[in-house]
Structures are given as C-alpha cells and as structure tokens.
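Just below is one structure, and these are the notes that go with it.
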Amino acid sequence: MFTFTLFLSFWARVMLPLLQPEAGAAVLPFTNIALYSPIESATNEQITWSVDRRLTWDDFKAAPDDANPHHALTAANLAVNASCKKNQFTYTVTCVFLPQQSWSKRKGSEKLLAHEQLHFDLTEVHARQLRHDLQQVNCSNHKVKLSQVVNAAFKRWKEEQNRFDEASRHGLDKEEQEVWANSIAARLKKLEAYQ
C-alpha cells in the first residue's frame with residue numbers, strides 16, 4: 001500500500017511567492033490522501049531516494065494501523081521547490097520516504113519489502129519526469145504553467161501508484177510485480193539524465 005503526502009505550505013510557499021515575489025521561495029505537492037503540515041514534515045526524518053540506498057524494515061517507524069487491511073504502508077512525497085528570481089526560474093524535485101508515517105505489520109517479509117521499495121522507486125520515476133516537465137516553465141509563464149505541470153504530475157503519480165497496487169494485487173502477484181519491477185527499472189534508466 002502507498003500513501004501520498006501533501007505539504008500544506010502549497011499556498012504559503014508556492015502561490016504566495018508567485019503572486020507576491022517578495023514573499024520568498026516555493027515548495028509544491030498536491031494530493032488528497034494523507035495530509036501533513038509543513039511543521040510535521042519538517043520535524044520528521046526523511047530519506048531521499050538513492051540508487052545506493054534501499055529501504056529496510058527499520059525505516060518503517062510508524063505504528064501499524066490495525067484498522068487498515070493492508071500489511072504495510074509506504075509514505076513518500078515529491079518535494080518541489082521552485083522560485084523565480086532575477087528573471088531566472090529554478091527548481092528542485094526531491095523524492096523522499098517518510099519513516100514516521102510508514103509502517104508494516106509483517107517486517108519479516110522480504111517480498112513485502114520489495115513491493116514497498118517499488119512504490120518508492122516509482123515515486124522517483126515520477127520525480128525525474130517532473131524534473132523534465134518543469135523545463136517548460138520560465139519566469140514569463142510560471143504563474144500559469146507551474147501549477148498545471150505540477151498538478152498533472154501529481155495526478156499521474158497517484159494514478160500509477162494505484163494501478164501498480166491493483167495490477168500486482170499489492171505484491172501478491174509475483175509475475176505481475178516482476179513486470180512492474182522491470183518497467184520501473186527501465187524508466188529510471190531512460191530518465192537518468194533527470195536524476
């Protein structure tokens with residue numbers, strides 16, 4: 001299972017600086033499943049996606065949700081920072097795992113851990129695609145384009161995470177999960193320039 005996070009600072013740190021340039025830099029994300037305030041997110045540990053750093057069960061630090069029928073939950077986010085200063089549009093997109101919101105009821109299952117890792121890897125695919133897509137934004141069009149590009153990216157990310165869970169039956173369908181693992185690896189390779 002996968003959950004998306006939202007830094008509630010969208011307006012305070014993205015839209016406000018765009019409408020009032022003196023207000024500062026920008027951070028984005030959009031979704032509608034789990035909401036965490038910027039203060040909560042800032043005080044929580046985050047693990048930035050890296051090809052050299054795989055998730056372990058020790059990274060899943062939240063208490064399991066007994067009411068949730070799933071065996072694990074991966075909380076991840078696409079943290080987007082954007083600014084327009086001196087007619088120069090700059091941005092960063094970071095794929096992060098949130099240990100304090102991630103949990104597992106079956107920490108001994110390597111099969112389940114592999115499924116959760118694929119959720120995180122798929123988030124990195126979408127981070128790289130968003131880095132690519134943000135190249136079309138500049139200081140002349142950012143007031144319209146920035147939110148369009150980011151909202152479309154978050155919609156695609158959420159939809160694909162759901163398709164992955166449905167197709168692999170949350171990791172229970174070994175063959176389908178292998179198909180997704182190969183596809184995700186190929187897409188990471190294809191988008192390597194946007195790492």
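Ordering of the structure tokens sets the chain letters (A, B, ...); residue numbers start at 1 within each chain; ligands are numbered from 1 in the order shown.
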
As number ranges by chain, please: the residues near A:Gln100 (cut-off 9 Å, only C-alpha atoms, same-chain neighbours under 6 positions excluded).
A: 44-46, 59-63, 75

Let's have the selection written as an mmCIF file, in the first residue's frame, with all heavy atoms.
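Generated output (again-v8.cif):
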data_model
loop_
_atom_site.group_PDB
_atom_site.id
_atom_site.type_symbol
_atom_site.label_atom_id
_atom_site.label_comp_id
_atom_site.auth_asym_id
_atom_site.auth_seq_id
_atom_site.Cartn_x
_atom_site.Cartn_y
_atom_site.Cartn_z
ATOM 1 N N ASN A 44 10.021 15.519 10.941
ATOM 2 C CA ASN A 44 10.161 14.094 10.703
ATOM 3 C C ASN A 44 11.370 13.801 9.841
ATOM 4 O O ASN A 44 11.708 14.556 8.939
ATOM 5 C CB ASN A 44 8.908 13.546 10.012
ATOM 6 C CG ASN A 44 7.723 13.489 10.947
ATOM 7 O OD1 ASN A 44 7.878 13.360 12.148
ATOM 8 N ND2 ASN A 44 6.540 13.605 10.394
ATOM 9 N N GLU A 45 11.950 12.663 10.117
ATOM 10 C CA GLU A 45 13.052 12.172 9.307
ATOM 11 C C GLU A 45 12.564 11.910 7.886
ATOM 12 O O GLU A 45 11.441 11.487 7.669
ATOM 13 C CB GLU A 45 13.540 10.867 9.938
ATOM 14 C CG GLU A 45 14.593 10.138 9.189
ATOM 15 C CD GLU A 45 14.924 8.789 9.798
ATOM 16 O OE1 GLU A 45 14.313 8.421 10.820
ATOM 17 O OE2 GLU A 45 15.787 8.115 9.236
ATOM 18 N N GLN A 46 13.422 12.176 6.922
ATOM 19 C CA GLN A 46 13.126 11.896 5.521
ATOM 20 C C GLN A 46 14.307 11.165 4.922
ATOM 21 O O GLN A 46 15.456 11.478 5.235
ATOM 22 C CB GLN A 46 12.875 13.175 4.725
ATOM 23 C CG GLN A 46 11.672 13.939 5.162
ATOM 24 C CD GLN A 46 11.442 15.189 4.320
ATOM 25 O OE1 GLN A 46 12.261 15.556 3.489
ATOM 26 N NE2 GLN A 46 10.321 15.832 4.532
ATOM 27 N N ASP A 59 13.375 1.261 8.473
ATOM 28 C CA ASP A 59 12.925 2.580 8.014
ATOM 29 C C ASP A 59 11.435 2.815 8.270
ATOM 30 O O ASP A 59 10.984 3.957 8.237
ATOM 31 C CB ASP A 59 13.201 2.744 6.511
ATOM 32 C CG ASP A 59 14.684 2.686 6.186
ATOM 33 O OD1 ASP A 59 15.492 3.202 6.985
ATOM 34 O OD2 ASP A 59 15.025 2.128 5.125
ATOM 35 N N PHE A 60 10.682 1.778 8.503
ATOM 36 C CA PHE A 60 9.230 1.866 8.700
ATOM 37 C C PHE A 60 8.976 2.024 10.200
ATOM 38 O O PHE A 60 8.889 1.055 10.930
ATOM 39 C CB PHE A 60 8.536 0.622 8.140
ATOM 40 C CG PHE A 60 8.596 0.537 6.639
ATOM 41 C CD1 PHE A 60 9.783 0.237 5.976
ATOM 42 C CD2 PHE A 60 7.456 0.755 5.881
ATOM 43 C CE1 PHE A 60 9.840 0.169 4.591
ATOM 44 C CE2 PHE A 60 7.504 0.684 4.495
ATOM 45 C CZ PHE A 60 8.699 0.396 3.850
ATOM 46 N N LYS A 61 8.865 3.271 10.655
ATOM 47 C CA LYS A 61 8.885 3.573 12.089
ATOM 48 C C LYS A 61 7.528 3.857 12.710
ATOM 49 O O LYS A 61 7.413 3.908 13.929
ATOM 50 C CB LYS A 61 9.833 4.736 12.348
ATOM 51 C CG LYS A 61 11.274 4.379 11.970
ATOM 52 C CD LYS A 61 12.232 5.499 12.228
ATOM 53 C CE LYS A 61 13.644 5.031 11.854
ATOM 54 N NZ LYS A 61 14.635 6.061 12.093
ATOM 55 N N ALA A 62 6.513 4.055 11.917
ATOM 56 C CA ALA A 62 5.189 4.349 12.477
ATOM 57 C C ALA A 62 4.563 3.068 13.024
ATOM 58 O O ALA A 62 4.891 1.956 12.597
ATOM 59 C CB ALA A 62 4.291 4.961 11.418
ATOM 60 N N ALA A 63 3.654 3.245 13.958
ATOM 61 C CA ALA A 63 2.902 2.097 14.482
ATOM 62 C C ALA A 63 1.913 1.645 13.408
ATOM 63 O O ALA A 63 1.267 2.478 12.771
ATOM 64 C CB ALA A 63 2.158 2.493 15.751
ATOM 65 N N ALA A 75 4.893 5.808 2.983
ATOM 66 C CA ALA A 75 4.572 7.224 2.812
ATOM 67 C C ALA A 75 5.766 7.869 2.115
ATOM 68 O O ALA A 75 6.892 7.774 2.586
ATOM 69 C CB ALA A 75 4.321 7.884 4.163
#

Which residues in stretch 28-159 of chain A does DSSP call helix (DSSP H, G or I)? List them as number ranges by chain.
A: 38-43, 57-59, 99-101, 110-136, 142-159

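Distance annotation: of A:Cys139, A:Leu134, A:Glu110, A:Pro69, the residue with the minimal separation from A:Asn87 is A:Cys139; atom set is only C-alpha atoms.
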
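The space separating atom CA of A:Asn182 from atom CA of A:Ala152 comes to 24.5 Å.
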
Counting only C-alpha atoms, the option among A:Val51, A:Leu113, A:Val149, A:Val137 closest to A:Gln88
A:Val137

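Across the model, the gap from atom CA of A:Glu124 to atom CA of A:Thr92 is 13.0 Å.
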
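For stretch 160-175 of chain A, the set of protein, DNA and RNA residues having any atom at most 8 Å away, when counting only C-alpha atoms and skipping those fewer than 4 positions along the same chain, is Met1, Phe2, Lys111, Leu112, His115, His119, Leu122, Arg156, Val179 and Trp180 of chain A.
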
Let's have the selection written as a PDB file, in the first residue's frame, with N, CA and C atoms.
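Result went into part19.pdb, see below:
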ATOM      1  N   MET A   1       0.847  -1.177   0.000  1.00  0.00           N
ATOM      2  CA  MET A   1       0.000   0.000   0.000  1.00  0.00           C
ATOM      3  C   MET A   1       0.889   1.234   0.000  1.00  0.00           C
ATOM      4  N   PHE A   2       0.352   2.295  -0.528  1.00  0.00           N
ATOM      5  CA  PHE A   2       1.112   3.530  -0.683  1.00  0.00           C
ATOM      6  C   PHE A   2       0.239   4.699  -0.292  1.00  0.00           C
ATOM      7  N   LYS A 111       9.449 -10.198   0.524  1.00  0.00           N
ATOM      8  CA  LYS A 111       8.567  -9.984  -0.625  1.00  0.00           C
ATOM      9  C   LYS A 111       7.766  -8.687  -0.462  1.00  0.00           C
ATOM     10  N   LEU A 112       7.265  -8.465   0.736  1.00  0.00           N
ATOM     11  CA  LEU A 112       6.514  -7.242   1.017  1.00  0.00           C
ATOM     12  C   LEU A 112       7.436  -6.022   0.964  1.00  0.00           C
ATOM     13  N   HIS A 115       8.024  -4.989  -2.533  1.00  0.00           N
ATOM     14  CA  HIS A 115       6.865  -4.270  -3.070  1.00  0.00           C
ATOM     15  C   HIS A 115       6.893  -2.803  -2.618  1.00  0.00           C
ATOM     16  N   HIS A 119       7.281   0.920  -4.738  1.00  0.00           N
ATOM     17  CA  HIS A 119       6.496   2.156  -4.612  1.00  0.00           C
ATOM     18  C   HIS A 119       7.426   3.367  -4.545  1.00  0.00           C
ATOM     19  N   LEU A 122       9.040   3.917  -7.932  1.00  0.00           N
ATOM     20  CA  LEU A 122       8.069   4.505  -8.856  1.00  0.00           C
ATOM     21  C   LEU A 122       7.898   6.003  -8.562  1.00  0.00           C
ATOM     22  N   ARG A 156      -0.752  12.008 -12.255  1.00  0.00           N
ATOM     23  CA  ARG A 156      -0.188  10.805 -12.896  1.00  0.00           C
ATOM     24  C   ARG A 156       0.481   9.896 -11.870  1.00  0.00           C
ATOM     25  N   VAL A 179       6.961  -7.775 -13.690  1.00  0.00           N
ATOM     26  CA  VAL A 179       6.734  -6.932 -14.870  1.00  0.00           C
ATOM     27  C   VAL A 179       6.900  -5.456 -14.477  1.00  0.00           C
ATOM     28  N   TRP A 180       6.284  -5.066 -13.377  1.00  0.00           N
ATOM     29  CA  TRP A 180       6.386  -3.681 -12.909  1.00  0.00           C
ATOM     30  C   TRP A 180       7.824  -3.345 -12.510  1.00  0.00           C
TER      31      TRP A 180
END

As a check of understanding: the span from atom CA of A:Leu191 to atom CA of A:Arg128 is 6.2 Å

Find the residues around A:Gln135 up to 10 Å (only C-alpha atoms counted), leave out those fewer than 2 positions away in its own chain, and share them as number ranges by chain.
A: 89-91, 130-133, 137-138, 149

Please determine, counting only C-alpha atoms, which residue among A:Glu159, A:Asp52, A:Asp66, A:Asp121 has the shortest atom-to-atom distance to A:Ala185.
A:Asp121
